[in-house]
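This is work.csv (CSV, C-alpha atoms).
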chain,number,residue,atom,x,y,z
E,3,MET,CA,19.4,142.3,10.6
E,4,SER,CA,21.4,145.5,10.9
E,5,GLU,CA,24.1,144.7,13.4
E,6,GLN,CA,24.4,148.3,14.5
E,7,PHE,CA,25.0,148.8,18.2
E,8,THR,CA,25.5,151.9,20.3
E,9,LEU,CA,27.0,151.2,23.7
E,10,ILE,CA,26.1,153.5,26.5
E,11,GLY,CA,27.8,153.2,29.8
E,12,ILE,CA,26.0,154.3,33.0
E,13,GLY,CA,26.5,154.3,36.7
E,14,ASP,CA,24.1,153.4,39.5
E,15,SER,CA,22.7,156.9,39.9
E,16,ARG,CA,19.0,157.2,39.4
E,17,SER,CA,19.7,160.3,37.4
E,18,PRO,CA,22.1,159.0,34.7
E,19,GLU,CA,24.8,161.4,33.5
E,20,LEU,CA,24.4,161.2,29.7
E,21,SER,CA,26.1,163.4,27.1
E,22,ARG,CA,24.0,165.3,24.6
E,23,GLU,CA,25.0,162.8,21.9
E,24,ALA,CA,23.9,159.9,24.0
E,25,ARG,CA,20.6,161.4,24.7
E,26,GLU,CA,20.1,161.9,21.0
E,27,VAL,CA,20.7,158.2,20.6
E,28,LEU,CA,17.8,157.5,23.0
E,29,LEU,CA,15.5,159.6,20.9
E,30,SER,CA,16.5,158.0,17.6
E,31,HIS,CA,16.2,154.4,18.7
E,32,ARG,CA,13.3,152.1,19.4
E,33,VAL,CA,15.2,149.0,20.5
E,34,PHE,CA,17.3,148.9,23.7
E,35,ALA,CA,19.2,146.2,25.6
E,36,GLY,CA,20.8,145.9,29.0
E,37,GLY,CA,20.3,144.3,32.4
E,38,VAL,CA,17.2,144.5,34.6
E,39,ARG,CA,19.0,147.0,36.8
E,40,HIS,CA,19.9,149.2,33.8
E,41,ARG,CA,16.3,149.2,32.6
E,42,ALA,CA,15.1,150.5,36.0
E,43,ILE,CA,17.6,153.3,35.9
E,44,VAL,CA,16.9,154.5,32.3
E,45,ALA,CA,13.3,153.6,31.7
E,46,SER,CA,12.1,157.2,32.3
E,47,LEU,CA,14.4,158.4,29.5
E,48,LEU,CA,13.3,156.0,26.8
E,49,PRO,CA,10.7,156.9,24.1
E,50,SER,CA,7.2,155.5,24.3
E,51,GLY,CA,6.7,152.1,22.6
E,52,TYR,CA,10.3,151.0,23.0
E,53,ARG,CA,11.3,147.4,23.0
E,54,TRP,CA,13.8,146.0,25.5
E,55,ILE,CA,16.1,142.9,25.2
E,56,THR,CA,17.3,141.8,28.6
E,57,ILE,CA,20.9,140.8,28.8
E,58,SER,CA,21.3,138.0,31.4
E,59,PRO,CA,23.0,134.5,31.4
E,60,PRO,CA,23.0,132.4,29.4
E,61,LEU,CA,24.0,134.8,26.7
E,62,ASP,CA,23.5,132.5,23.6
E,63,GLY,CA,19.8,133.4,23.3
E,64,VAL,CA,20.5,137.1,24.0
E,65,LEU,CA,23.2,137.3,21.3
E,66,ALA,CA,20.9,135.5,18.8
E,67,SER,CA,18.2,138.1,19.5
E,68,LEU,CA,20.6,141.0,19.0
E,69,GLY,CA,22.0,139.5,15.8
E,70,ALA,CA,18.5,139.0,14.4
E,71,GLU,CA,17.3,142.5,15.3
E,72,PRO,CA,16.5,144.4,12.1
E,73,GLU,CA,16.8,147.8,13.8
E,74,PRO,CA,19.8,149.5,15.4
E,75,VAL,CA,20.1,148.7,19.1
E,76,ALA,CA,21.2,150.9,22.0
E,77,VAL,CA,22.9,148.8,24.6
E,78,PHE,CA,23.3,149.9,28.2
E,79,THR,CA,26.2,148.6,30.2
E,80,SER,CA,27.8,149.4,33.6
E,81,GLY,CA,30.6,151.9,33.3
E,82,ASP,CA,33.0,151.4,30.4
E,83,PRO,CA,31.7,148.8,27.9
E,84,PHE,CA,35.2,147.9,26.9
E,85,PHE,CA,36.6,147.3,30.5
E,86,TYR,CA,35.7,143.7,31.1
E,87,GLY,CA,32.4,144.7,29.5
E,88,PHE,CA,29.8,143.7,26.9
E,89,GLY,CA,31.5,145.7,24.2
E,90,ALA,CA,34.2,143.0,23.8
E,91,THR,CA,31.5,140.3,23.5
E,92,LEU,CA,29.8,142.2,20.7
E,93,GLN,CA,33.1,142.6,18.9
E,94,ARG,CA,33.8,138.9,19.2
E,95,VAL,CA,30.4,137.7,18.1
E,96,PHE,CA,29.7,140.4,15.5
E,97,PRO,CA,33.1,141.3,14.1
E,98,HIS,CA,31.6,143.3,11.2
E,99,ALA,CA,29.0,145.2,13.3
E,100,ALA,CA,28.9,149.0,13.3
E,101,LEU,CA,29.7,150.1,16.9
E,102,ARG,CA,29.5,153.4,18.7
E,103,CYS,CA,30.4,153.9,22.3
E,104,PHE,CA,29.6,156.5,25.0
E,105,PRO,CA,31.5,155.2,28.1
E,106,PHE,CA,31.1,156.1,31.7
E,107,PHE,CA,33.6,155.6,34.6
E,108,HIS,CA,34.0,152.0,35.5
E,109,SER,CA,33.6,151.0,39.2
E,110,LEU,CA,37.3,150.9,39.9
E,111,GLN,CA,37.8,154.4,38.6
E,112,LEU,CA,35.0,155.6,40.7
E,113,LEU,CA,36.5,154.0,43.8
E,114,ALA,CA,39.9,155.5,43.1
E,115,HIS,CA,38.1,158.9,42.7
E,116,ARG,CA,36.4,158.5,46.1
E,117,MET,CA,39.8,157.8,47.7
E,118,LEU,CA,41.5,160.7,45.8
E,119,LEU,CA,43.9,158.0,44.7
E,120,PRO,CA,46.2,158.4,41.6
E,121,TYR,CA,45.6,155.1,39.8
E,122,GLN,CA,47.8,155.2,36.7
E,123,GLU,CA,49.8,152.2,38.1
E,124,MET,CA,46.8,150.2,39.0
E,125,ARG,CA,46.7,146.6,37.8
E,126,HIS,CA,43.3,145.0,37.3
E,127,ALA,CA,41.9,141.5,38.0
E,128,SER,CA,38.3,140.4,37.2
E,129,LEU,CA,36.9,137.6,39.3
E,130,THR,CA,33.4,138.0,37.7
E,131,GLY,CA,32.5,134.5,36.6
E,132,ARG,CA,36.2,133.6,36.5
E,133,GLY,CA,38.8,131.7,38.6
E,134,TRP,CA,41.4,133.3,40.8
E,135,GLN,CA,44.1,133.3,38.1
E,136,GLU,CA,44.2,137.0,37.3
E,137,LEU,CA,44.4,138.0,41.0
E,138,ASP,CA,46.9,135.3,41.9
E,139,ARG,CA,49.4,136.4,39.3
E,140,LEU,CA,49.3,140.0,40.4
E,141,LEU,CA,49.7,139.0,44.1
E,142,ILE,CA,52.7,136.8,43.3
E,143,ALA,CA,54.2,139.5,41.2
E,144,GLY,CA,53.9,141.9,44.1
E,145,SER,CA,51.7,144.6,42.4
E,146,PRO,CA,51.4,147.5,44.8
E,147,LEU,CA,47.9,148.6,43.7
E,148,ILE,CA,45.4,146.1,42.4
E,149,GLY,CA,41.8,146.8,41.4
E,150,VAL,CA,39.5,143.7,41.7
E,151,LEU,CA,36.0,143.2,40.1
E,152,THR,CA,34.0,140.7,42.2
E,153,ASP,CA,31.0,138.5,41.9
E,154,SER,CA,28.5,136.7,44.2
E,155,ARG,CA,31.0,134.0,45.1
E,156,LYS,CA,34.3,135.8,45.0
E,157,THR,CA,33.2,138.5,47.4
E,158,PRO,CA,35.4,140.9,49.3
E,159,ALA,CA,35.2,138.5,52.2
E,160,ALA,CA,36.4,135.6,50.0
E,161,ILE,CA,39.3,137.8,48.7
E,162,ALA,CA,40.3,138.6,52.3
E,163,SER,CA,40.3,134.9,53.1
E,164,ARG,CA,42.6,134.2,50.1
E,165,LEU,CA,45.0,137.0,51.2
E,166,LEU,CA,45.2,135.5,54.7
E,167,ASP,CA,45.6,131.9,53.4
E,168,PHE,CA,48.6,132.8,51.4
E,169,GLY,CA,50.1,135.4,53.7
E,170,PHE,CA,49.5,138.6,51.7
E,171,THR,CA,48.8,140.6,54.8
E,172,GLU,CA,50.7,143.7,53.6
E,173,TYR,CA,47.6,144.7,51.6
E,174,VAL,CA,44.9,147.0,52.9
E,175,MET,CA,41.4,146.5,51.3
E,176,VAL,CA,39.2,149.3,50.2
E,177,VAL,CA,35.7,148.1,49.4
E,178,GLY,CA,33.3,150.3,47.4
E,179,GLU,CA,29.7,149.3,47.5
E,180,ALA,CA,26.9,150.5,45.2
E,181,LEU,CA,29.1,153.3,43.9
E,182,GLY,CA,27.1,156.2,42.5
E,183,GLY,CA,23.8,154.9,43.9
E,184,PRO,CA,21.8,155.9,47.0
E,185,GLU,CA,23.3,153.1,49.0
E,186,GLU,CA,26.9,154.0,48.2
E,187,ARG,CA,29.5,153.1,50.9
E,188,VAL,CA,33.3,153.1,50.9
E,189,ARG,CA,35.1,151.3,53.7
E,190,THR,CA,38.7,150.3,54.5
E,191,PHE,CA,39.7,147.0,56.1
E,192,ARG,CA,42.6,144.8,57.1
E,193,PRO,CA,42.1,141.4,55.5
E,194,GLU,CA,41.4,139.8,58.9
E,195,ASP,CA,38.6,142.2,59.5
E,196,ALA,CA,37.0,141.8,56.1
E,197,ALA,CA,37.0,138.0,56.0
E,198,ASP,CA,33.7,137.7,58.0
E,199,GLU,CA,32.1,141.0,56.8
E,200,ASP,CA,28.9,141.2,54.7
E,201,PHE,CA,28.9,143.5,51.7
E,202,HIS,CA,26.4,144.9,49.2
E,203,SER,CA,26.1,142.7,46.2
E,204,LEU,CA,27.4,145.5,44.0
E,205,ASN,CA,31.0,146.1,45.0
E,206,CYS,CA,34.6,146.3,43.9
E,207,VAL,CA,37.9,146.2,45.8
E,208,LEU,CA,41.2,148.0,45.8
E,209,LEU,CA,44.2,146.2,47.3
E,210,MET,CA,46.9,148.6,48.4
E,211,ALA,CA,50.2,147.3,49.6
E,212,GLU,CA,51.5,149.2,52.7
E,213,GLU,CA,55.1,148.0,52.0
E,214,PRO,CA,56.8,146.5,49.0
E,215,PRO,CA,56.8,142.7,49.1
E,216,TRP,CA,60.0,140.9,49.7
E,217,ARG,CA,61.1,139.0,46.6
E,218,SER,CA,63.9,136.5,46.3
E,219,PHE,CA,65.5,134.6,43.4
E,220,GLY,CA,65.8,130.9,44.4
E,221,ILE,CA,64.7,129.2,47.5
E,222,GLY,CA,67.0,127.1,49.6
E,223,GLU,CA,65.9,123.5,50.0
E,224,ALA,CA,66.1,123.8,53.8
E,225,GLU,CA,63.3,126.4,53.7
E,226,PHE,CA,60.8,123.9,52.3
E,227,GLU,CA,58.7,121.5,54.3
E,228,GLY,CA,59.9,118.1,53.2
E,229,LEU,CA,59.0,114.4,53.4
E,230,PRO,CA,59.6,113.2,57.0
E,231,GLY,CA,62.9,111.3,57.2
E,232,ARG,CA,63.6,112.0,53.5
E,233,PRO,CA,65.6,115.3,53.4
E,234,ASP,CA,67.2,114.6,50.0
E,235,MET,CA,63.8,114.1,48.3
E,236,ILE,CA,63.8,117.6,46.8
E,237,THR,CA,65.4,119.2,43.7
E,238,LYS,CA,68.3,121.2,45.0
E,239,MET,CA,68.2,124.9,44.5
E,240,PRO,CA,71.1,125.2,42.0
E,241,VAL,CA,69.7,122.3,40.0
E,242,ARG,CA,66.2,123.6,40.2
E,243,MET,CA,67.0,127.1,38.9
E,244,ALA,CA,69.3,125.7,36.1
E,245,THR,CA,66.5,123.3,35.0
E,246,LEU,CA,63.9,126.1,34.8
E,247,SER,CA,66.3,128.2,32.8
E,248,ARG,CA,66.3,125.5,30.1
E,249,LEU,CA,62.5,125.6,29.8
E,250,ASN,CA,62.0,129.1,28.3
E,251,LEU,CA,59.3,129.9,30.8
E,252,ALA,CA,59.2,133.6,30.0
E,253,ASN,CA,57.6,132.6,26.7
E,254,ALA,CA,55.5,129.7,27.9
E,255,GLY,CA,51.8,129.7,28.9
E,256,THR,CA,51.5,126.2,30.3
E,257,PHE,CA,54.0,124.2,32.5
E,258,TRP,CA,53.7,120.7,33.9
E,259,ASP,CA,55.8,119.3,36.8
E,260,ILE,CA,55.6,115.5,36.8
E,261,GLY,CA,56.5,114.1,40.2
E,262,PHE,CA,56.3,117.3,42.3
E,263,CYS,CA,57.1,115.7,45.7
E,264,THR,CA,57.6,118.9,47.9
E,265,GLY,CA,56.5,121.2,45.0
E,266,SER,CA,59.8,123.1,44.9
E,267,VAL,CA,60.0,123.2,41.1
E,268,SER,CA,56.3,124.2,40.6
E,269,ILE,CA,56.6,126.9,43.2
E,270,GLU,CA,59.8,128.3,41.9
E,271,ALA,CA,58.4,128.3,38.3
E,272,LYS,CA,55.2,130.2,39.4
E,273,ARG,CA,57.3,132.7,41.3
E,274,LEU,CA,59.5,133.3,38.3
E,275,ALA,CA,56.6,133.5,35.8
E,276,PRO,CA,53.4,134.5,37.6
E,277,ASP,CA,51.3,134.3,34.4
E,278,LEU,CA,52.3,130.7,33.9
E,279,GLU,CA,49.5,128.1,34.2
E,280,VAL,CA,51.2,125.4,36.3
E,281,THR,CA,49.9,121.8,36.8
E,282,ALA,CA,51.8,119.5,39.2
E,283,PHE,CA,51.4,115.7,39.1
E,284,GLU,CA,52.3,113.3,42.0
E,285,ARG,CA,51.4,109.7,42.9
E,286,ARG,CA,52.4,109.7,46.6
E,287,PRO,CA,49.4,110.9,48.6
E,288,GLU,CA,51.5,112.1,51.5
E,289,CYS,CA,53.0,114.8,49.2
E,290,GLU,CA,49.7,116.7,48.7
E,291,ALA,CA,49.5,118.2,52.1
E,292,ILE,CA,53.2,119.1,52.1
E,293,PHE,CA,52.8,120.8,48.7
E,294,ARG,CA,49.9,122.8,50.0
E,295,SER,CA,51.8,123.9,53.0
E,296,ASN,CA,54.8,125.0,50.9
E,297,CYS,CA,52.5,126.9,48.5
E,298,ARG,CA,51.3,128.9,51.5
E,299,ARG,CA,54.7,129.2,53.0
E,300,PHE,CA,56.1,130.9,49.8
E,301,ARG,CA,52.9,132.7,49.0
E,302,VAL,CA,52.1,131.0,45.7
E,303,PRO,CA,48.4,130.4,45.0
E,304,GLY,CA,46.9,129.0,41.9
E,305,ILE,CA,48.9,125.8,41.1
E,306,ARG,CA,46.7,122.9,40.1
E,307,THR,CA,47.6,119.5,41.5
E,308,VAL,CA,46.7,116.1,40.1
E,309,MET,CA,47.2,113.2,42.4
E,310,GLY,CA,47.8,109.6,41.2
E,311,ASP,CA,50.0,107.9,38.7
E,312,PHE,CA,50.6,110.3,35.8
E,313,LEU,CA,50.0,107.6,33.1
E,314,ASP,CA,46.5,106.9,34.7
E,315,GLN,CA,45.4,110.6,34.5
E,316,ARG,CA,44.1,110.5,30.9
E,317,HIS,CA,41.2,112.8,31.5
E,318,GLU,CA,43.5,115.4,33.2
E,319,ILE,CA,46.3,115.0,30.7
E,320,TYR,CA,44.2,115.4,27.5
E,321,ALA,CA,41.8,118.0,28.8
E,322,GLY,CA,43.6,120.8,27.1
E,323,GLY,CA,44.0,119.0,23.8
E,324,ASP,CA,47.0,118.1,21.7
E,325,GLY,CA,49.8,120.6,21.3
E,326,THR,CA,48.7,122.8,24.3
E,327,LEU,CA,51.7,122.2,26.6
E,328,ASP,CA,54.7,124.6,26.4
E,329,ALA,CA,57.1,123.3,29.0
E,330,VAL,CA,57.4,120.2,31.2
E,331,PHE,CA,59.9,118.9,33.8
E,332,ILE,CA,60.0,115.2,34.4
E,333,GLY,CA,61.0,115.0,38.0
E,334,GLY,CA,59.8,111.4,38.4
E,335,HIS,CA,58.9,108.7,36.0
E,336,GLY,CA,59.1,105.4,38.0
E,337,GLY,CA,61.3,103.7,35.4
E,338,ARG,CA,58.8,104.4,32.6
E,339,LEU,CA,60.4,107.4,30.9
E,340,ARG,CA,59.6,106.1,27.4
E,341,GLU,CA,55.8,105.8,28.3
E,342,VAL,CA,55.8,109.3,29.9
E,343,PHE,CA,57.6,110.8,27.0
E,344,ALA,CA,55.2,109.3,24.5
E,345,VAL,CA,52.3,111.1,26.2
E,346,LEU,CA,54.3,114.4,26.4
E,347,ASP,CA,55.3,114.2,22.8
E,348,ARG,CA,51.6,114.4,21.8
E,349,MET,CA,50.9,117.2,24.2
E,350,LEU,CA,53.9,119.5,23.6
E,351,SER,CA,53.4,122.5,21.3
E,352,PRO,CA,55.8,123.4,18.5
E,353,GLY,CA,58.8,125.1,20.3
E,354,GLY,CA,57.8,123.5,23.6
E,355,ARG,CA,60.5,122.2,25.8
E,356,VAL,CA,61.0,119.1,28.1
E,357,ALA,CA,63.7,118.7,30.7
E,358,VAL,CA,64.8,115.9,32.9
E,359,ASN,CA,67.4,115.6,35.8
E,360,ALA,CA,69.5,112.5,35.3
E,361,VAL,CA,71.4,111.0,38.2
E,362,GLN,CA,71.7,107.5,36.5
E,363,GLN,CA,73.3,107.1,33.2
E,364,ASN,CA,70.4,105.0,31.9
E,365,THR,CA,68.0,107.9,32.4
E,366,LEU,CA,70.3,110.1,30.4
E,367,ASP,CA,70.7,107.5,27.6
E,368,VAL,CA,67.0,107.0,27.3
E,369,PHE,CA,66.2,110.7,27.2
E,370,ARG,CA,68.9,111.2,24.5
E,371,SER,CA,67.5,108.4,22.4
E,372,LEU,CA,64.0,109.6,22.7
E,373,THR,CA,64.8,113.1,21.5
E,374,ALA,CA,67.5,112.4,19.0
E,375,GLY,CA,66.2,112.5,15.4
E,376,SER,CA,62.5,112.5,16.5
E,377,GLY,CA,61.5,116.0,15.9
E,378,TYR,CA,63.4,117.6,18.7
E,379,ARG,CA,66.5,119.8,19.1
E,380,GLN,CA,68.6,118.7,21.9
E,381,LEU,CA,69.9,121.6,24.1
E,382,GLU,CA,73.3,121.7,25.6
E,383,GLU,CA,73.5,119.5,28.7
E,384,LEU,CA,74.4,120.9,32.1
E,385,ARG,CA,76.2,118.9,34.8
E,386,ILE,CA,75.9,120.2,38.3
E,387,VAL,CA,77.2,119.0,41.7
E,388,SER,CA,75.4,120.5,44.6
E,389,GLY,CA,77.2,120.1,47.9
E,390,SER,CA,78.1,116.5,48.7
E,391,HIS,CA,75.4,115.1,46.5
E,392,HIS,CA,75.9,113.0,43.3
E,393,PRO,CA,76.4,114.9,40.1
E,394,ILE,CA,73.2,115.6,38.1
E,395,THR,CA,72.9,116.1,34.4
E,396,ILE,CA,70.2,118.5,33.2
E,397,ALA,CA,69.1,117.4,29.8
E,398,ALA,CA,66.5,119.3,27.8
E,399,ALA,CA,65.1,119.3,24.3
E,400,GLU,CA,62.9,121.6,22.2
E,401,LYS,CA,60.2,120.3,19.9
E,402,ASN,CA,60.7,121.4,16.3
E,403,GLY,CA,58.4,123.9,14.8
E,404,THR,CA,57.3,127.5,15.4
E,405,PRO,CA,55.1,128.2,18.4
E,406,SER,CA,51.6,129.4,17.3
Please rewrite the model in this file as structure tokens.
Amino acid sequence: MSEQFTLIGIGDSRSPELSREAREVLLSHRVFAGGVRHRAIVASLLPSGYRWITISPPLDGVLASLGAEPEPVAVFTSGDPFFYGFGATLQRVFPHAALRCFPFFHSLQLLAHRMLLPYQEMRHASLTGRGWQELDRLLIAGSPLIGVLTDSRKTPAAIASRLLDFGFTEYVMVVGEALGGPEERVRTFRPEDAADEDFHSLNCVLLMAEEPPWRSFGIGEAEFEGLPGRPDMITKMPVRMATLSRLNLANAGTFWDIGFCTGSVSIEAKRLAPDLEVTAFERRPECEAIFRSNCRRFRVPGIRTVMGDFLDQRHEIYAGGDGTLDAVFIGGHGGRLREVFAVLDRMLSPGGRVAVNAVQQNTLDVFRSLTAGSGYRQLEELRIVSGSHHPITIAAAEKNGTPS
């Protein structure tokens, strides 16, 4: 096997724009790889007797064929092979391979060109075979220009529906279809007009904010939808913000909110750190709809909820593996703080932090005893009185060790 790959980016034009060097590659190679669509575009340019390796899911067999190939392989990709492309896959699987690259414009560049749009500040999100996370964090952060790569499920219509669900109506959608090909079309929509529209299967999207989003620091508890008849069942805003300040969220990747109730802590955490992967646990079924409503009210998509008693959620708890949790707030423990902490101790990464709001002295005493001399560094406690409510002590601790 040679593990020599030349990556050649192309568009959808039936007359590919290839440099002289790229055309020389075609003449000097006998083995080529790419998708079915790529082969249809370049077949007339390939030498007689060539062999073709089709790149399509699942990729394990494709990569095995490429790795076993004794001759150098020219690989065709769409646009730039290193923009969410196959180039990164080859680097990961064959770290010692010899690579050359002849890129073409990727689809979002082409769409910006069609719109005569300066795109140096564009942020990117790929939904191709992925969840909504990349787009969600850019929306929450208020990025004014977002380029989105789509797939057969996360279509422009699905994106429009998500924008409407969470109130991101300040964005205009520009949809580019079959860019560079004979069926090329570029159209501009309001989200409400795109939600029921059909689009060509080859498409990408630009989201352009017509006005800067309104952003605030801290949400008053009266603004949240709460439990009927239970107005005090919410972490008050000064306590909430002070608690989050103890959890080092700016350097965290994962955060758990145990006992989310109205969702105020999870929502505030995600607004402060849009890249954060947030999971919220709650045992009261009536809280789920309230949480969903508050996520939409404050334009915070992407928080994962787990309903039921925390200690019964072993599959959800251990899905990530030991040492994969960076920050956790224990908002409710049902008198079983020791049992909850035992689970969290296993999950917390080195340098990870855990915090609790203690109204009763017993809660504070138990938390202190659990973290004293057991591989944790106790942080300075904060005592806060919010309005006419009882004083609350914010206790937090950091697990010893250096984050990986």
(message) Within 7 Å of (51.1, 131.6, 28.3) in the file's own coordinates, which protein, DNA or RNA residues have an atom, counting all atoms listed in the file? List them as a PyMOL selection string.
(response) chain E and resi 253-256+277-278
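Environment of (59.9, 118.2, 22.2): residues at most 7 Å away, judged by all atoms listed in the file, are Asp347, Leu350, Gly354, Arg355, Val356, Gly377, Tyr378, Ala399, Glu400, Lys401 and Asn402 of chain E.
Across the structure, CA of His317 in chain E and CA of Pro287 in chain E are spaced 19.1 Å apart.
What separates CA of Glu179 in chain E from CA of Val207 in chain E is a distance of 8.9 Å.
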(request) Name all residues at most 12 Å from Arg25 in chain E (count all atoms listed in the file; drop same-chain ones fewer than 5 positions away) and give them as number ranges by chain. (result) E: 8, 10, 18-20, 30-31, 44, 47-49, 76, 104
Would you save the residues of that selection, restricted to C-alpha atoms, as a CSV table (one decimal), in the frame of the given file?
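What landed in selection_17.csv:
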chain,number,residue,atom,x,y,z
E,8,THR,CA,25.5,151.9,20.3
E,10,ILE,CA,26.1,153.5,26.5
E,18,PRO,CA,22.1,159.0,34.7
E,19,GLU,CA,24.8,161.4,33.5
E,20,LEU,CA,24.4,161.2,29.7
E,30,SER,CA,16.5,158.0,17.6
E,31,HIS,CA,16.2,154.4,18.7
E,44,VAL,CA,16.9,154.5,32.3
E,47,LEU,CA,14.4,158.4,29.5
E,48,LEU,CA,13.3,156.0,26.8
E,49,PRO,CA,10.7,156.9,24.1
E,76,ALA,CA,21.2,150.9,22.0
E,104,PHE,CA,29.6,156.5,25.0
(message) Which residues are close to range 81-86 of chain E, i.e. within 6 Å by all atoms listed in the file, leaving aside same-chain residues fewer than 5 positions away? Reply as a VMD selection string.
(response) chain E and resid 11 to 13 105 to 108
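With only C-alpha atoms as the atoms that count, the minimum distance from Pro146 in chain E to the choices E:Gln111, E:Thr264, E:Ser58, E:Gln122 is reached by E:Gln122.
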(message) So that I can check the surroundings of range 229-246 of chain E, please list as a ChimeraX atom specification every protein, DNA and RNA residue that reaches within 8 Å of it, counting all atoms listed in the file and ignoring chain neighbours fewer than 5 positions away.
(response) /E:220-223,251,263-264,266-267,270-271,289,292,357-359,386,388,394,396
(message) Quick check, in Å to one decimal: how far apart do CA of Tyr121 in chain E and CA of Thr190 in chain E lie?
(response) 16.9 Å
If we count all atoms listed in the file, what is near Arg285 in chain E at a cut-off of 7 Å, once residues fewer than 4 positions away on the same chain are taken out, given as an mmCIF file with C-alpha atoms, keeping the file's coordinate frame?
data_model
loop_
_atom_site.group_PDB
_atom_site.id
_atom_site.type_symbol
_atom_site.label_atom_id
_atom_site.label_comp_id
_atom_site.auth_asym_id
_atom_site.auth_seq_id
_atom_site.Cartn_x
_atom_site.Cartn_y
_atom_site.Cartn_z
ATOM 1 C CA MET E 309 47.200 113.200 42.400
ATOM 2 C CA GLY E 310 47.800 109.600 41.200
ATOM 3 C CA ASP E 311 50.000 107.900 38.700
#
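Using all atoms listed in the file, the nearest neighbour of Asp198 in chain E within the list E:Pro158, E:Gly323, E:Pro393, E:Gly304 is E:Pro158.
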(message) Quick one: residues within 10 Å of range 160-164 of chain E, all atoms listed in the file, excluding same-chain residues fewer than 2 positions away - as a ChimeraX atom specification?
(response) /E:129,134,137-138,150,152,154-158,166-171,173-175,191-199,207,209,303
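In this comparison, which uses all atoms listed in the file, the residue of E:Thr307, E:Ser50, E:Gln6, E:Ser203 approaching Pro72 in chain E most closely is E:Gln6.
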